[in-house]
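entry18.txt (compact mmCIF, C-alpha atoms)
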# COMPACT_ATOMS: atom_id res chain seq x y z
CA MET X 1 -16.55 -23.73 -25.28
CA ARG X 2 -15.55 -22.72 -28.86
CA LYS X 3 -18.06 -21.81 -31.55
CA ASN X 4 -17.81 -21.66 -35.35
CA LEU X 5 -19.23 -18.51 -36.93
CA GLY X 6 -18.52 -19.53 -40.54
CA ALA X 7 -16.36 -17.70 -43.06
CA LYS X 8 -16.53 -13.97 -42.27
CA THR X 9 -14.44 -10.97 -43.22
CA TYR X 10 -13.60 -10.12 -39.63
CA ALA X 11 -10.39 -8.90 -38.02
CA TYR X 12 -9.68 -6.80 -34.94
CA PRO X 13 -8.72 -4.03 -35.14
CA MET X 14 -9.81 -3.03 -38.64
CA PRO X 15 -8.75 0.44 -39.82
CA VAL X 16 -10.86 3.33 -41.12
CA PHE X 17 -8.70 4.62 -43.96
CA ILE X 18 -9.79 7.74 -45.83
CA VAL X 19 -8.27 7.51 -49.31
CA ALA X 20 -8.03 10.85 -51.14
CA THR X 21 -7.23 11.57 -54.79
CA TYR X 22 -7.49 14.32 -57.39
CA ASP X 23 -9.39 13.85 -60.63
CA GLU X 24 -8.14 15.09 -64.00
CA ASN X 25 -9.37 18.61 -63.14
CA ASN X 26 -7.73 18.49 -59.70
CA VAL X 27 -11.07 18.17 -57.93
CA PRO X 28 -10.40 16.25 -54.71
CA ASP X 29 -12.31 13.10 -53.82
CA ALA X 30 -12.25 10.87 -50.75
CA MET X 31 -13.57 7.46 -49.75
CA ASN X 32 -13.62 5.23 -46.69
CA ALA X 33 -11.92 1.82 -46.75
CA ALA X 34 -11.54 -0.80 -44.01
CA TRP X 35 -10.00 -3.61 -46.05
CA GLY X 36 -6.30 -2.87 -45.97
CA GLY X 37 -3.15 -2.49 -43.98
CA ILE X 38 0.62 -2.18 -44.09
CA SER X 39 1.98 -4.75 -46.56
CA GLU X 40 5.74 -4.11 -46.39
CA GLU X 41 8.16 -1.49 -45.10
CA ASN X 42 6.85 1.92 -46.26
CA GLU X 43 4.07 0.20 -48.20
CA ILE X 44 0.30 0.06 -47.76
CA SER X 45 -2.24 -2.12 -49.58
CA ILE X 46 -5.98 -1.46 -49.76
CA CYS X 47 -8.78 -3.34 -51.51
CA LEU X 48 -10.75 -0.91 -53.69
CA SER X 49 -13.27 -2.17 -56.24
CA PRO X 50 -12.74 -0.66 -59.70
CA GLU X 51 -16.03 1.27 -59.96
CA HIS X 52 -14.93 3.81 -57.35
CA LYS X 53 -14.24 7.37 -58.50
CA THR X 54 -11.10 7.06 -56.39
CA VAL X 55 -9.83 4.22 -58.58
CA LYS X 56 -10.48 6.18 -61.78
CA ASN X 57 -8.52 9.08 -60.28
CA LEU X 58 -5.75 6.83 -59.06
CA LEU X 59 -5.15 5.31 -62.42
CA GLN X 60 -4.67 8.77 -63.90
CA LYS X 61 -2.64 10.41 -61.16
CA LYS X 62 -0.75 7.34 -59.81
CA ALA X 63 -0.98 8.89 -56.37
CA PHE X 64 -3.19 9.01 -53.28
CA THR X 65 -3.15 9.89 -49.62
CA VAL X 66 -4.45 7.77 -46.76
CA SER X 67 -5.71 9.65 -43.72
CA MET X 68 -6.76 8.01 -40.49
CA ALA X 69 -10.41 8.65 -39.62
CA ASP X 70 -10.66 10.21 -36.18
CA GLU X 71 -13.37 10.65 -33.58
CA GLU X 72 -13.80 14.37 -34.20
CA HIS X 73 -14.57 13.79 -37.90
CA VAL X 74 -16.38 10.46 -37.70
CA VAL X 75 -19.52 11.77 -39.42
CA ALA X 76 -17.58 13.22 -42.35
CA CYS X 77 -15.45 10.07 -42.59
CA ASP X 78 -18.54 7.90 -42.55
CA TYR X 79 -20.27 10.16 -45.09
CA VAL X 80 -17.49 9.69 -47.66
CA GLY X 81 -18.02 5.94 -47.24
CA ILE X 82 -21.77 6.12 -47.85
CA VAL X 83 -21.92 8.53 -50.79
CA SER X 84 -20.18 7.85 -54.11
CA GLY X 85 -18.01 10.43 -55.88
CA ASN X 86 -19.58 9.16 -59.11
CA ASP X 87 -22.96 10.53 -57.94
CA VAL X 88 -21.88 13.50 -55.82
CA PRO X 89 -18.93 15.22 -57.53
CA ASN X 90 -18.45 17.68 -54.65
CA LYS X 91 -18.59 14.99 -51.99
CA PHE X 92 -15.21 16.04 -50.55
CA GLU X 93 -16.42 19.62 -50.03
CA LYS X 94 -19.81 18.46 -48.73
CA ALA X 95 -18.02 16.37 -46.10
CA GLY X 96 -16.50 19.62 -44.86
CA PHE X 97 -13.02 18.66 -45.98
CA HIS X 98 -10.43 21.08 -47.34
CA ALA X 99 -7.62 19.90 -49.60
CA ILE X 100 -3.94 20.81 -49.28
CA LYS X 101 -1.83 19.70 -52.23
CA SER X 102 0.77 17.15 -51.13
CA GLU X 103 4.39 18.24 -51.62
CA PHE X 104 5.39 14.67 -52.45
CA VAL X 105 2.67 13.20 -54.66
CA ASP X 106 -0.15 14.47 -56.89
CA ALA X 107 -2.90 13.95 -54.32
CA PRO X 108 -4.75 16.01 -51.71
CA ILE X 109 -4.06 15.97 -47.99
CA ILE X 110 -7.26 16.46 -46.00
CA GLN X 111 -6.64 19.46 -43.76
CA GLU X 112 -9.18 18.35 -41.15
CA LEU X 113 -7.55 14.94 -40.54
CA SER X 114 -4.34 15.09 -38.54
CA PHE X 115 -2.47 12.13 -39.97
CA ALA X 116 -1.91 11.31 -43.64
CA LEU X 117 0.28 8.92 -45.60
CA GLU X 118 1.34 10.42 -48.94
CA CYS X 119 1.60 7.54 -51.38
CA SER X 120 2.66 6.92 -54.94
CA MET X 121 0.85 4.06 -56.64
CA ILE X 122 2.98 0.96 -57.12
CA SER X 123 0.20 -1.13 -58.66
CA TYR X 124 -3.53 -1.60 -58.94
CA ASP X 125 -5.09 -4.89 -59.97
CA GLU X 126 -8.74 -4.68 -60.99
CA LYS X 127 -9.24 -8.45 -60.61
CA THR X 128 -8.02 -8.66 -57.02
CA CYS X 129 -9.05 -5.05 -56.14
CA ARG X 130 -5.57 -4.60 -54.67
CA LEU X 131 -4.04 -1.14 -54.60
CA VAL X 132 -0.42 -1.03 -53.45
CA GLY X 133 1.17 2.28 -52.51
CA LYS X 134 4.63 3.40 -51.53
CA ILE X 135 4.54 5.66 -48.48
CA GLN X 136 6.60 8.66 -49.55
CA ASN X 137 5.94 10.72 -46.45
CA VAL X 138 3.91 10.85 -43.26
CA ASN X 139 2.30 14.26 -42.93
CA VAL X 140 0.74 15.26 -39.62
CA ASP X 141 -0.82 18.24 -37.92
CA GLU X 142 1.66 19.27 -35.25
CA LYS X 143 -1.18 19.37 -32.72
CA ILE X 144 -0.96 15.55 -32.45
CA LEU X 145 2.75 15.62 -31.59
CA THR X 146 4.30 15.54 -28.14
CA ALA X 147 6.77 18.29 -27.12
CA ASP X 148 9.61 16.08 -28.42
CA GLY X 149 7.95 15.54 -31.79
CA LYS X 150 6.46 12.06 -31.35
CA ILE X 151 2.95 11.03 -32.30
CA ASP X 152 0.59 11.17 -29.33
CA VAL X 153 -2.08 8.60 -30.14
CA SER X 154 -4.55 10.12 -27.69
CA LYS X 155 -4.32 13.42 -29.59
CA LEU X 156 -4.59 11.70 -32.99
CA ASN X 157 -7.60 9.80 -31.62
CA PRO X 158 -8.00 7.43 -34.59
CA ILE X 159 -11.07 5.24 -34.83
CA VAL X 160 -11.31 1.51 -35.44
CA TYR X 161 -13.95 -0.38 -37.42
CA ASP X 162 -15.78 -3.27 -35.80
CA PRO X 163 -16.88 -5.39 -38.78
CA ALA X 164 -19.14 -7.72 -36.79
CA ASN X 165 -21.29 -4.89 -35.41
CA HIS X 166 -20.70 -2.10 -37.97
CA ASP X 167 -19.50 0.22 -35.24
CA TYR X 168 -16.64 2.63 -34.89
CA LEU X 169 -14.65 2.53 -31.68
CA LYS X 170 -11.99 4.77 -30.23
CA LEU X 171 -8.69 3.63 -28.79
CA GLY X 172 -8.20 3.21 -25.07
CA ALA X 173 -5.37 2.98 -22.58
CA LYS X 174 -1.86 1.67 -23.12
CA VAL X 175 -1.31 -1.98 -22.15
CA GLY X 176 2.02 -2.94 -20.59
CA ASN X 177 4.07 -5.49 -22.53
CA ALA X 178 7.10 -7.73 -22.31
CA PHE X 179 9.37 -5.97 -24.79
CA LYS X 180 9.02 -2.42 -23.52
CA ASP X 181 7.89 -2.79 -19.93
CA GLY X 182 9.75 -5.97 -19.03
CA LEU X 183 6.63 -7.91 -18.06
CA GLN X 184 7.38 -11.61 -17.66
CA LEU X 185 5.53 -14.75 -18.66
CA LYS X 186 3.79 -16.40 -15.70
CA MET A 1 0.60 23.74 -38.95
CA ARG A 2 1.45 20.51 -40.82
CA LYS A 3 4.74 18.66 -40.40
CA ASN A 4 6.53 16.07 -42.53
CA LEU A 5 7.85 13.04 -40.65
CA GLY A 6 9.42 11.33 -43.67
CA ALA A 7 8.62 7.89 -45.03
CA LYS A 8 7.51 5.69 -42.11
CA THR A 9 5.64 2.42 -41.84
CA TYR A 10 2.86 3.89 -39.76
CA ALA A 11 -0.88 3.33 -39.79
CA TYR A 12 -3.57 3.59 -37.13
CA PRO A 13 -4.85 1.22 -35.98
CA MET A 14 -2.31 -1.52 -36.68
CA PRO A 15 -3.31 -5.07 -35.69
CA VAL A 16 -1.54 -7.56 -33.45
CA PHE A 17 -2.08 -10.80 -35.34
CA ILE A 18 -0.89 -14.07 -33.80
CA VAL A 19 -0.21 -16.46 -36.69
CA ALA A 20 -0.17 -20.13 -35.69
CA THR A 21 0.95 -23.17 -37.68
CA TYR A 22 1.96 -26.81 -37.22
CA ASP A 23 5.33 -28.12 -38.31
CA GLU A 24 5.84 -31.47 -40.04
CA ASN A 25 5.59 -33.24 -36.65
CA ASN A 26 2.45 -31.31 -35.70
CA VAL A 27 4.31 -29.21 -33.15
CA PRO A 28 2.48 -25.88 -32.94
CA ASP A 29 4.26 -22.57 -33.44
CA ALA A 30 3.06 -18.97 -33.20
CA MET A 31 4.38 -15.55 -34.13
CA ASN A 32 3.26 -11.92 -33.83
CA ALA A 33 2.67 -9.82 -36.96
CA ALA A 34 1.46 -6.22 -37.32
CA TRP A 35 1.91 -5.80 -41.07
CA GLY A 36 -1.31 -7.10 -42.52
CA GLY A 37 -5.04 -6.80 -42.85
CA ILE A 38 -8.12 -7.92 -44.73
CA SER A 39 -7.35 -7.90 -48.46
CA GLU A 40 -10.66 -9.10 -49.97
CA GLU A 41 -13.90 -10.74 -48.87
CA ASN A 42 -12.96 -13.71 -46.62
CA GLU A 43 -9.27 -13.07 -47.32
CA ILE A 44 -6.40 -11.86 -45.15
CA SER A 45 -2.87 -10.86 -46.20
CA ILE A 46 0.12 -10.64 -43.90
CA CYS A 47 3.78 -9.76 -44.56
CA LEU A 48 6.02 -12.52 -43.18
CA SER A 49 9.68 -12.67 -44.04
CA PRO A 50 10.78 -16.10 -45.27
CA GLU A 51 13.18 -16.98 -42.44
CA HIS A 52 10.33 -17.41 -39.94
CA LYS A 53 9.60 -20.91 -38.67
CA THR A 54 5.96 -20.03 -39.38
CA VAL A 55 6.73 -19.62 -43.08
CA LYS A 56 8.53 -22.97 -43.25
CA ASN A 57 5.49 -24.58 -41.61
CA LEU A 58 3.06 -22.74 -43.86
CA LEU A 59 4.71 -23.91 -47.02
CA GLN A 60 4.34 -27.50 -45.86
CA LYS A 61 0.86 -27.39 -44.40
CA LYS A 62 -0.72 -24.69 -46.61
CA ALA A 63 -2.72 -23.58 -43.60
CA PHE A 64 -2.58 -21.22 -40.63
CA THR A 65 -4.75 -19.54 -38.06
CA VAL A 66 -4.76 -15.85 -37.14
CA SER A 67 -5.76 -15.02 -33.59
CA MET A 68 -6.25 -11.51 -32.30
CA ALA A 69 -3.88 -10.62 -29.45
CA ASP A 70 -5.84 -9.51 -26.41
CA GLU A 71 -5.11 -7.59 -23.24
CA GLU A 72 -5.24 -10.62 -20.97
CA HIS A 73 -2.52 -12.40 -22.99
CA VAL A 74 -0.41 -9.42 -24.04
CA VAL A 75 2.79 -10.79 -22.48
CA ALA A 76 2.44 -14.17 -24.21
CA CYS A 77 1.52 -12.46 -27.50
CA ASP A 78 4.51 -10.16 -27.20
CA TYR A 79 6.77 -13.08 -26.25
CA VAL A 80 5.97 -14.98 -29.46
CA GLY A 81 7.00 -11.83 -31.33
CA ILE A 82 10.35 -11.53 -29.57
CA VAL A 83 11.51 -15.16 -29.57
CA SER A 84 12.01 -17.18 -32.77
CA GLY A 85 10.61 -20.68 -33.26
CA ASN A 86 13.90 -21.47 -35.01
CA ASP A 87 15.73 -20.99 -31.69
CA VAL A 88 13.06 -22.04 -29.19
CA PRO A 89 11.20 -25.05 -30.61
CA ASN A 90 8.72 -25.13 -27.70
CA LYS A 91 8.00 -21.42 -27.87
CA PHE A 92 4.25 -22.03 -28.20
CA GLU A 93 4.16 -24.05 -24.99
CA LYS A 94 6.50 -21.60 -23.19
CA ALA A 95 4.10 -18.79 -24.04
CA GLY A 96 1.48 -20.73 -22.07
CA PHE A 97 -0.55 -21.50 -25.18
CA HIS A 98 -2.47 -24.72 -25.76
CA ALA A 99 -3.31 -25.92 -29.27
CA ILE A 100 -6.68 -27.18 -30.47
CA LYS A 101 -6.61 -28.72 -33.94
CA SER A 102 -8.75 -26.70 -36.34
CA GLU A 103 -11.69 -28.61 -37.84
CA PHE A 104 -11.28 -26.73 -41.12
CA VAL A 105 -7.55 -26.47 -41.83
CA ASP A 106 -4.34 -28.20 -40.76
CA ALA A 107 -3.35 -25.57 -38.20
CA PRO A 108 -3.68 -25.02 -34.46
CA ILE A 109 -6.23 -22.77 -32.77
CA ILE A 110 -4.78 -21.15 -29.66
CA GLN A 111 -7.14 -22.06 -26.84
CA GLU A 112 -6.20 -19.02 -24.75
CA LEU A 113 -7.10 -16.47 -27.46
CA SER A 114 -10.83 -16.01 -27.96
CA PHE A 115 -10.95 -15.16 -31.65
CA ALA A 116 -9.27 -17.02 -34.51
CA LEU A 117 -9.49 -17.00 -38.28
CA GLU A 118 -8.90 -20.47 -39.73
CA CYS A 119 -7.19 -19.96 -43.08
CA SER A 120 -6.02 -22.02 -46.00
CA MET A 121 -3.01 -20.60 -47.81
CA ILE A 122 -3.80 -19.08 -51.20
CA SER A 123 -0.25 -17.93 -51.90
CA TYR A 124 3.05 -16.93 -50.37
CA ASP A 125 5.60 -14.84 -52.21
CA GLU A 126 9.09 -14.86 -50.70
CA LYS A 127 10.11 -11.72 -52.63
CA THR A 128 7.25 -9.53 -51.43
CA CYS A 129 6.83 -11.41 -48.08
CA ARG A 130 3.10 -11.55 -48.83
CA LEU A 131 1.06 -14.39 -47.40
CA VAL A 132 -2.53 -14.53 -48.62
CA GLY A 133 -5.06 -16.72 -46.84
CA LYS A 134 -8.66 -17.67 -47.41
CA ILE A 135 -10.71 -17.37 -44.24
CA GLN A 136 -12.51 -20.72 -44.01
CA ASN A 137 -14.06 -20.10 -40.62
CA VAL A 138 -14.12 -17.71 -37.70
CA ASN A 139 -13.73 -19.66 -34.46
CA VAL A 140 -14.44 -17.93 -31.15
CA ASP A 141 -14.73 -18.69 -27.49
CA GLU A 142 -18.40 -18.29 -26.66
CA LYS A 143 -17.44 -16.11 -23.68
CA ILE A 144 -16.92 -13.19 -26.11
CA LEU A 145 -20.45 -13.50 -27.55
CA THR A 146 -23.54 -11.58 -26.51
CA ALA A 147 -26.70 -13.49 -25.53
CA ASP A 148 -27.84 -13.30 -29.16
CA GLY A 149 -24.56 -14.70 -30.49
CA LYS A 150 -22.81 -11.54 -31.68
CA ILE A 151 -19.21 -10.62 -30.98
CA ASP A 152 -18.90 -8.29 -27.99
CA VAL A 153 -15.72 -6.34 -28.66
CA SER A 154 -15.35 -5.34 -25.02
CA LYS A 155 -15.23 -9.05 -24.09
CA LEU A 156 -12.83 -9.90 -26.92
CA ASN A 157 -10.68 -6.96 -25.78
CA PRO A 158 -8.25 -7.03 -28.72
CA ILE A 159 -5.13 -4.90 -28.63
CA VAL A 160 -3.78 -2.48 -31.22
CA TYR A 161 -0.16 -1.79 -32.11
CA ASP A 162 1.11 1.78 -32.10
CA PRO A 163 4.07 1.68 -34.51
CA ALA A 164 5.36 5.16 -33.69
CA ASN A 165 5.75 4.43 -29.99
CA HIS A 166 6.03 0.61 -29.92
CA ASP A 167 3.08 0.39 -27.56
CA TYR A 168 0.03 -1.80 -27.36
CA LEU A 169 -3.29 -0.10 -26.71
CA LYS A 170 -6.72 -1.41 -25.88
CA LEU A 171 -9.94 -0.36 -27.57
CA GLY A 172 -12.22 2.22 -26.03
CA ALA A 173 -15.82 3.35 -26.32
CA LYS A 174 -18.11 3.22 -29.31
CA VAL A 175 -18.28 6.40 -31.41
CA GLY A 176 -21.62 7.37 -32.94
CA ASN A 177 -21.69 7.57 -36.73
CA ALA A 178 -23.80 8.68 -39.67
CA PHE A 179 -24.72 5.30 -41.11
CA LYS A 180 -25.88 3.57 -37.96
CA ASP A 181 -26.79 6.39 -35.61
CA GLY A 182 -28.10 8.89 -38.13
CA LEU A 183 -25.65 11.63 -37.17
CA GLN A 184 -25.66 14.44 -39.72
CA LEU A 185 -22.95 16.53 -41.31
CA LYS A 186 -22.74 20.03 -39.82
Could you express the structure from this file as structure tokens?
Amino acid sequence: MRKNLGAKTYAYPMPVFIVATYDENNVPDAMNAAWGGISEENEISICLSPEHKTVKNLLQKKAFTVSMADEEHVVACDYVGIVSGNDVPNKFEKAGFHAIKSEFVDAPIIQELSFALECSMISYDEKTCRLVGKIQNVNVDEKILTADGKIDVSKLNPIVYDPANHDYLKLGAKVGNAFKDGLQLK
Amino acid sequence: MRKNLGAKTYAYPMPVFIVATYDENNVPDAMNAAWGGISEENEISICLSPEHKTVKNLLQKKAFTVSMADEEHVVACDYVGIVSGNDVPNKFEKAGFHAIKSEFVDAPIIQELSFALECSMISYDEKTCRLVGKIQNVNVDEKILTADGKIDVSKLNPIVYDPANHDYLKLGAKVGNAFKDGLQLK
């Protein structure tokens, strides 16, 4: 039996992106965003409303990083989503984050988070809230790599947002598929 | 130690969206898309290149549904990503899917998948591949709901795409957080 829940902003999985920028004095800031995703090859789009400190920074620096929130840092990642950089200027530091300057763009990489996209801003539209970024580089902590240099998702341990229940979830086991594992349709 | 992996189209988690449409004869079609996400309140955006049968259908019907691929149907969901509706006109049926006409938009709901967004097309841009849809309704199988009518993610059992390893993963346990569980920064 199917049921209608009405119009809701639900999708599964939804990401927990931590968007980091520098302000005009190179003070790092970070925020938490779940409305976004890959929008083209080497391109990410995220909905950020214009009042965010992050957006003010973005428009000056034309650059940002996107780190994946992980289980180990869920409280810090959640904190940067609850508190505004407009009210708490040292929010990044208070979260326990340390900034490393990106080699590719004028934005901070968060040392504590193992996976970051370094992005240059392609566009930001205040009316639609849409930020579009070009992924210039993927920067990772080598501790999440396998011996042959591939990303080990269980070591990255990214979290997922559940919009219907306002929960964070971790990822589980690999599921066999047709393309890679040759499973057949019944 | 941090490492640079170069420009890659990676994000965690990445969704496994199954986009379903009707053609001009009301034959249902479905495809698999990982490049997309929520782009605004009650709005989803997905990158679909114009040669897809889905795009041809979309432009006629101005409507589509987005179901979440789940573990139980991973082979069928993967199959609709491997085979083109341009080559296999009965791909939807071959996948083992059955269509229910949406009450809200001119597009099929896939009976086998428990969670669907029913969307009207806001825009499609061939150059950027960007499809934008308004979520008119969330339609679910009641088997994924708790007794009090909320979505139980463990019953939905959606899968996640791992772009670095071309794997599908399931979701795992809930992770406590600051906002809901009152966890504090150290």
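From atom CA of Leu131 of chain A back to atom CA of Pro108 of chain A, the distance works out to 17.4 Å.
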_Within 7 Å of chain X, which residues belong to chain A? Use all atoms listed in the file and report them as number ranges by chain._
A: 1-9, 12-13, 15, 35-43, 46-47, 68, 71, 74-76, 78-79, 95, 135-142, 151, 158, 160, 164, 167-175, 177-179, 183-185
Transformed chain X, reference chain A, in-order C-alpha pairing, as a short mmCIF file (atom, residue, chain, number, x, y, z; two decimals) with C-alpha atoms, in the coordinates of the input:
data_model
loop_
_atom_site.label_atom_id
_atom_site.label_comp_id
_atom_site.auth_asym_id
_atom_site.auth_seq_id
_atom_site.Cartn_x
_atom_site.Cartn_y
_atom_site.Cartn_z
CA MET X 1 0.62 23.75 -38.95
CA ARG X 2 1.49 20.49 -40.82
CA LYS X 3 4.77 18.65 -40.38
CA ASN X 4 6.56 16.06 -42.53
CA LEU X 5 7.87 13.04 -40.63
CA GLY X 6 9.44 11.32 -43.66
CA ALA X 7 8.61 7.89 -45.04
CA LYS X 8 7.51 5.68 -42.12
CA THR X 9 5.65 2.41 -41.84
CA TYR X 10 2.86 3.89 -39.76
CA ALA X 11 -0.89 3.32 -39.80
CA TYR X 12 -3.57 3.59 -37.13
CA PRO X 13 -4.86 1.21 -35.98
CA MET X 14 -2.32 -1.52 -36.69
CA PRO X 15 -3.32 -5.07 -35.69
CA VAL X 16 -1.54 -7.57 -33.44
CA PHE X 17 -2.07 -10.81 -35.34
CA ILE X 18 -0.87 -14.06 -33.80
CA VAL X 19 -0.21 -16.45 -36.68
CA ALA X 20 -0.17 -20.14 -35.69
CA THR X 21 0.97 -23.18 -37.67
CA TYR X 22 1.96 -26.81 -37.21
CA ASP X 23 5.34 -28.12 -38.30
CA GLU X 24 5.84 -31.46 -40.04
CA ASN X 25 5.62 -33.24 -36.65
CA ASN X 26 2.47 -31.31 -35.70
CA VAL X 27 4.33 -29.21 -33.14
CA PRO X 28 2.49 -25.88 -32.94
CA ASP X 29 4.27 -22.57 -33.45
CA ALA X 30 3.07 -18.98 -33.21
CA MET X 31 4.37 -15.54 -34.13
CA ASN X 32 3.27 -11.92 -33.84
CA ALA X 33 2.66 -9.82 -36.96
CA ALA X 34 1.46 -6.22 -37.32
CA TRP X 35 1.91 -5.80 -41.07
CA GLY X 36 -1.32 -7.10 -42.52
CA GLY X 37 -5.04 -6.80 -42.86
CA ILE X 38 -8.13 -7.92 -44.73
CA SER X 39 -7.36 -7.91 -48.46
CA GLU X 40 -10.66 -9.10 -49.96
CA GLU X 41 -13.90 -10.73 -48.86
CA ASN X 42 -12.96 -13.70 -46.63
CA GLU X 43 -9.28 -13.06 -47.32
CA ILE X 44 -6.40 -11.85 -45.16
CA SER X 45 -2.88 -10.85 -46.20
CA ILE X 46 0.13 -10.64 -43.89
CA CYS X 47 3.76 -9.76 -44.57
CA LEU X 48 6.00 -12.51 -43.17
CA SER X 49 9.69 -12.66 -44.05
CA PRO X 50 10.77 -16.11 -45.28
CA GLU X 51 13.18 -16.97 -42.43
CA HIS X 52 10.33 -17.41 -39.95
CA LYS X 53 9.59 -20.92 -38.68
CA THR X 54 5.97 -20.03 -39.38
CA VAL X 55 6.73 -19.62 -43.09
CA LYS X 56 8.53 -22.97 -43.26
CA ASN X 57 5.49 -24.57 -41.62
CA LEU X 58 3.07 -22.74 -43.86
CA LEU X 59 4.71 -23.91 -47.01
CA GLN X 60 4.34 -27.51 -45.87
CA LYS X 61 0.86 -27.41 -44.39
CA LYS X 62 -0.73 -24.69 -46.61
CA ALA X 63 -2.71 -23.58 -43.59
CA PHE X 64 -2.58 -21.21 -40.63
CA THR X 65 -4.75 -19.53 -38.06
CA VAL X 66 -4.75 -15.85 -37.14
CA SER X 67 -5.75 -15.01 -33.58
CA MET X 68 -6.25 -11.51 -32.28
CA ALA X 69 -3.87 -10.62 -29.44
CA ASP X 70 -5.85 -9.51 -26.41
CA GLU X 71 -5.11 -7.58 -23.24
CA GLU X 72 -5.25 -10.62 -20.98
CA HIS X 73 -2.52 -12.40 -22.99
CA VAL X 74 -0.42 -9.42 -24.04
CA VAL X 75 2.78 -10.80 -22.48
CA ALA X 76 2.44 -14.16 -24.21
CA CYS X 77 1.51 -12.46 -27.49
CA ASP X 78 4.50 -10.16 -27.21
CA TYR X 79 6.77 -13.07 -26.25
CA VAL X 80 5.97 -14.98 -29.46
CA GLY X 81 7.00 -11.84 -31.34
CA ILE X 82 10.35 -11.54 -29.57
CA VAL X 83 11.51 -15.16 -29.57
CA SER X 84 12.01 -17.17 -32.77
CA GLY X 85 10.61 -20.67 -33.26
CA ASN X 86 13.89 -21.46 -35.02
CA ASP X 87 15.73 -20.98 -31.70
CA VAL X 88 13.06 -22.05 -29.20
CA PRO X 89 11.19 -25.06 -30.62
CA ASN X 90 8.72 -25.13 -27.71
CA LYS X 91 8.01 -21.42 -27.88
CA PHE X 92 4.25 -22.01 -28.21
CA GLU X 93 4.17 -24.05 -24.99
CA LYS X 94 6.51 -21.62 -23.20
CA ALA X 95 4.10 -18.79 -24.04
CA GLY X 96 1.48 -20.72 -22.08
CA PHE X 97 -0.55 -21.49 -25.17
CA HIS X 98 -2.48 -24.71 -25.76
CA ALA X 99 -3.31 -25.91 -29.26
CA ILE X 100 -6.69 -27.18 -30.46
CA LYS X 101 -6.60 -28.71 -33.93
CA SER X 102 -8.75 -26.70 -36.34
CA GLU X 103 -11.68 -28.61 -37.84
CA PHE X 104 -11.28 -26.73 -41.12
CA VAL X 105 -7.55 -26.46 -41.83
CA ASP X 106 -4.34 -28.21 -40.75
CA ALA X 107 -3.35 -25.58 -38.20
CA PRO X 108 -3.68 -25.02 -34.45
CA ILE X 109 -6.21 -22.76 -32.78
CA ILE X 110 -4.77 -21.15 -29.66
CA GLN X 111 -7.13 -22.06 -26.83
CA GLU X 112 -6.20 -19.01 -24.74
CA LEU X 113 -7.10 -16.47 -27.45
CA SER X 114 -10.83 -16.00 -27.96
CA PHE X 115 -10.94 -15.15 -31.64
CA ALA X 116 -9.26 -17.02 -34.50
CA LEU X 117 -9.48 -16.99 -38.28
CA GLU X 118 -8.90 -20.46 -39.74
CA CYS X 119 -7.18 -19.96 -43.07
CA SER X 120 -6.01 -22.02 -46.00
CA MET X 121 -3.00 -20.60 -47.81
CA ILE X 122 -3.81 -19.09 -51.19
CA SER X 123 -0.25 -17.93 -51.90
CA TYR X 124 3.05 -16.94 -50.37
CA ASP X 125 5.59 -14.84 -52.21
CA GLU X 126 9.07 -14.85 -50.70
CA LYS X 127 10.11 -11.72 -52.63
CA THR X 128 7.25 -9.53 -51.43
CA CYS X 129 6.83 -11.40 -48.08
CA ARG X 130 3.10 -11.56 -48.84
CA LEU X 131 1.05 -14.39 -47.40
CA VAL X 132 -2.54 -14.53 -48.62
CA GLY X 133 -5.07 -16.72 -46.83
CA LYS X 134 -8.67 -17.67 -47.41
CA ILE X 135 -10.72 -17.37 -44.23
CA GLN X 136 -12.49 -20.71 -44.00
CA ASN X 137 -14.05 -20.10 -40.62
CA VAL X 138 -14.12 -17.71 -37.69
CA ASN X 139 -13.73 -19.66 -34.46
CA VAL X 140 -14.44 -17.93 -31.16
CA ASP X 141 -14.72 -18.70 -27.48
CA GLU X 142 -18.40 -18.29 -26.66
CA LYS X 143 -17.45 -16.12 -23.68
CA ILE X 144 -16.93 -13.19 -26.10
CA LEU X 145 -20.44 -13.50 -27.55
CA THR X 146 -23.53 -11.57 -26.52
CA ALA X 147 -26.69 -13.49 -25.51
CA ASP X 148 -27.84 -13.31 -29.16
CA GLY X 149 -24.56 -14.71 -30.49
CA LYS X 150 -22.82 -11.54 -31.67
CA ILE X 151 -19.22 -10.62 -30.99
CA ASP X 152 -18.90 -8.30 -28.00
CA VAL X 153 -15.72 -6.34 -28.67
CA SER X 154 -15.34 -5.35 -25.02
CA LYS X 155 -15.24 -9.05 -24.08
CA LEU X 156 -12.83 -9.90 -26.92
CA ASN X 157 -10.69 -6.97 -25.78
CA PRO X 158 -8.26 -7.03 -28.72
CA ILE X 159 -5.14 -4.90 -28.62
CA VAL X 160 -3.80 -2.49 -31.22
CA TYR X 161 -0.17 -1.79 -32.12
CA ASP X 162 1.10 1.78 -32.09
CA PRO X 163 4.05 1.67 -34.51
CA ALA X 164 5.35 5.16 -33.70
CA ASN X 165 5.75 4.43 -29.98
CA HIS X 166 6.02 0.61 -29.92
CA ASP X 167 3.07 0.38 -27.57
CA TYR X 168 0.02 -1.80 -27.36
CA LEU X 169 -3.29 -0.10 -26.70
CA LYS X 170 -6.73 -1.41 -25.88
CA LEU X 171 -9.95 -0.37 -27.58
CA GLY X 172 -12.24 2.21 -26.05
CA ALA X 173 -15.82 3.35 -26.32
CA LYS X 174 -18.12 3.20 -29.33
CA VAL X 175 -18.28 6.39 -31.42
CA GLY X 176 -21.62 7.37 -32.95
CA ASN X 177 -21.71 7.56 -36.74
CA ALA X 178 -23.81 8.68 -39.67
CA PHE X 179 -24.73 5.30 -41.13
CA LYS X 180 -25.90 3.58 -37.97
CA ASP X 181 -26.81 6.39 -35.61
CA GLY X 182 -28.11 8.91 -38.14
CA LEU X 183 -25.65 11.64 -37.18
CA GLN X 184 -25.66 14.46 -39.73
CA LEU X 185 -22.93 16.53 -41.30
CA LYS X 186 -22.72 20.02 -39.79
#
